[in-house]
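J.: Before we start, here is the structure in question, set down as structure tokens.
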Amino acid sequence: ALITDFSSIYYDYLLLNRPIGFTTDDVSDYHRGFWTDNIDEYKPGPKINNVEDLKNFCLSVVNENDYFTEMRNKVNELVNNDREGGYCKKILGFLDIE
């Protein structure tokens with residue numbers, strides 16, 4: 001599982017289709033704004049606002065209670081054009097190092 005703010009790292013992590021929890025403590029620090037009016041539509045995981053939320057997220061991961069699989073798949077389709085895998089080999093091919 002991954003715990004993150006709304007940083008771009010989670011777009012890459014979506015390729016693994018594993019649970020993601022989103023912290024909300026720094027949302028007001030984003031001065032440039034977002035590319036959407038409702039960023040929650042693109043957060044395929046629970047919001048972690050406090051220690052209790054963190055505990056619940058960890059318990060759901062341990063107990064394999066994943067309620068965001070479908071939403072992760074939808075967001076993944078929007079933000080990752082290539083979802084087929086073999087990324088290292090593709091990079092080496094692009095660099096003509098194979």
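How things are named: the first chain in the structure tokens is A, the next is B, and so on; residues count from 1 in each chain; ligands count from 1 in the order shown.
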From the DSSP assignment of the backbone, select every residue of chain A that is strand (DSSP E or B), and format the answer as a PyMOL selection string.
T.: chain A and resi 2-4+20-23+47-48
J.: Take the residues from that selection and write them out as a PDB file, in the first residue's frame, keeping C-alpha atoms.
T.:
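Everything below was put into part04.pdb:
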ATOM      1  CA  LEU A   2       0.982   3.640  -0.449  1.00  0.00           C
ATOM      2  CA  ILE A   3       0.224   6.645   1.734  1.00  0.00           C
ATOM      3  CA  THR A   4       0.736   9.933  -0.077  1.00  0.00           C
ATOM      4  CA  ILE A  20      -3.550   4.067  -1.771  1.00  0.00           C
ATOM      5  CA  GLY A  21      -4.411   6.306   1.181  1.00  0.00           C
ATOM      6  CA  PHE A  22      -4.341  10.076   0.718  1.00  0.00           C
ATOM      7  CA  THR A  23      -3.247  12.510   3.410  1.00  0.00           C
ATOM      8  CA  LYS A  47      -8.734  10.316   2.858  1.00  0.00           C
ATOM      9  CA  ILE A  48      -6.455  10.185   5.872  1.00  0.00           C
TER      10      ILE A  48
END
J.: Could you produce a table of the residues of stretch 42-88 of chain A lying within 8 Å of stretch 8-15 of chain A, with the nearest pair of atoms per residue and their separation in Å rounded to one decimal, using only C-alpha atoms, ordered by chain and increasing residue number, as JSON lines?
T.:
{"residue": "A:Arg72", "atom": "CA", "partner": "A:Leu14", "partner_atom": "CA", "distance": 6.6}
{"residue": "A:Asn73", "atom": "CA", "partner": "A:Leu14", "partner_atom": "CA", "distance": 7.9}
{"residue": "A:Asn76", "atom": "CA", "partner": "A:Leu14", "partner_atom": "CA", "distance": 5.9}
{"residue": "A:Val79", "atom": "CA", "partner": "A:Tyr11", "partner_atom": "CA", "distance": 6.8}
{"residue": "A:Asn80", "atom": "CA", "partner": "A:Tyr11", "partner_atom": "CA", "distance": 7.3}
{"residue": "A:Arg83", "atom": "CA", "partner": "A:Leu15", "partner_atom": "CA", "distance": 6.4}
J.: Since we have the selection now, will you write its residues out, keeping N, CA and C atoms, as a short mmCIF file (atom, residue, chain, number, x, y, z; two decimals), in the first residue's frame?
T.:
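File produced: again-v3.cif:
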data_model
loop_
_atom_site.label_atom_id
_atom_site.label_comp_id
_atom_site.auth_asym_id
_atom_site.auth_seq_id
_atom_site.Cartn_x
_atom_site.Cartn_y
_atom_site.Cartn_z
N ARG A 72 -9.62 2.97 -8.81
CA ARG A 72 -8.21 2.99 -9.24
C ARG A 72 -8.09 2.65 -10.71
N ASN A 73 -8.85 1.66 -11.15
CA ASN A 73 -8.80 1.28 -12.57
C ASN A 73 -9.26 2.42 -13.47
N ASN A 76 -6.57 5.13 -13.41
CA ASN A 76 -5.41 4.60 -14.11
C ASN A 76 -5.59 4.72 -15.62
N VAL A 79 -4.92 8.40 -16.62
CA VAL A 79 -3.61 9.04 -16.44
C VAL A 79 -2.43 8.22 -16.96
N ASN A 80 -2.62 6.96 -17.24
CA ASN A 80 -1.53 6.12 -17.72
C ASN A 80 -1.91 5.49 -19.05
N ARG A 83 -0.36 0.64 -19.88
CA ARG A 83 -0.59 -0.13 -18.66
C ARG A 83 -0.24 -1.60 -18.85
#
J.: Nearest residue to A:Glu70 out of A:Leu54, A:Ala1, A:Gly45, A:Ile97, using only C-alpha atoms?
T.: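 The answer is A:Gly45, which sits nearest to A:Glu70.
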J.: Could you check which of A:Pro19, A:Glu77, A:Phe6, A:Ile91 is closest to A:Phe57, using only C-alpha atoms?
T.: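 Residue with the minimum atom-to-atom distance to A:Phe57: A:Pro19.
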J.: Using atom CA of A:Lys74 and atom CA of A:Val51 as the two end points, give the distance in Å to one decimal.
T.: 28.3 Å
J.: I'd like to know which residues of stretch 24-97 of chain A are alpha helix (DSSP H) (by DSSP, run on the backbone); could you write them as a PyMOL selection string?
T.: chain A and resi 51-62+69-79+87-94
J.: Compare A:Pro44, A:Leu95, A:Arg18, A:Cys88 by their minimum atom-to-atom distance to A:Glu64, counting only C-alpha atoms, and give me the closest one.
T.: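 Smallest separation from A:Glu64 among the options: A:Arg18.
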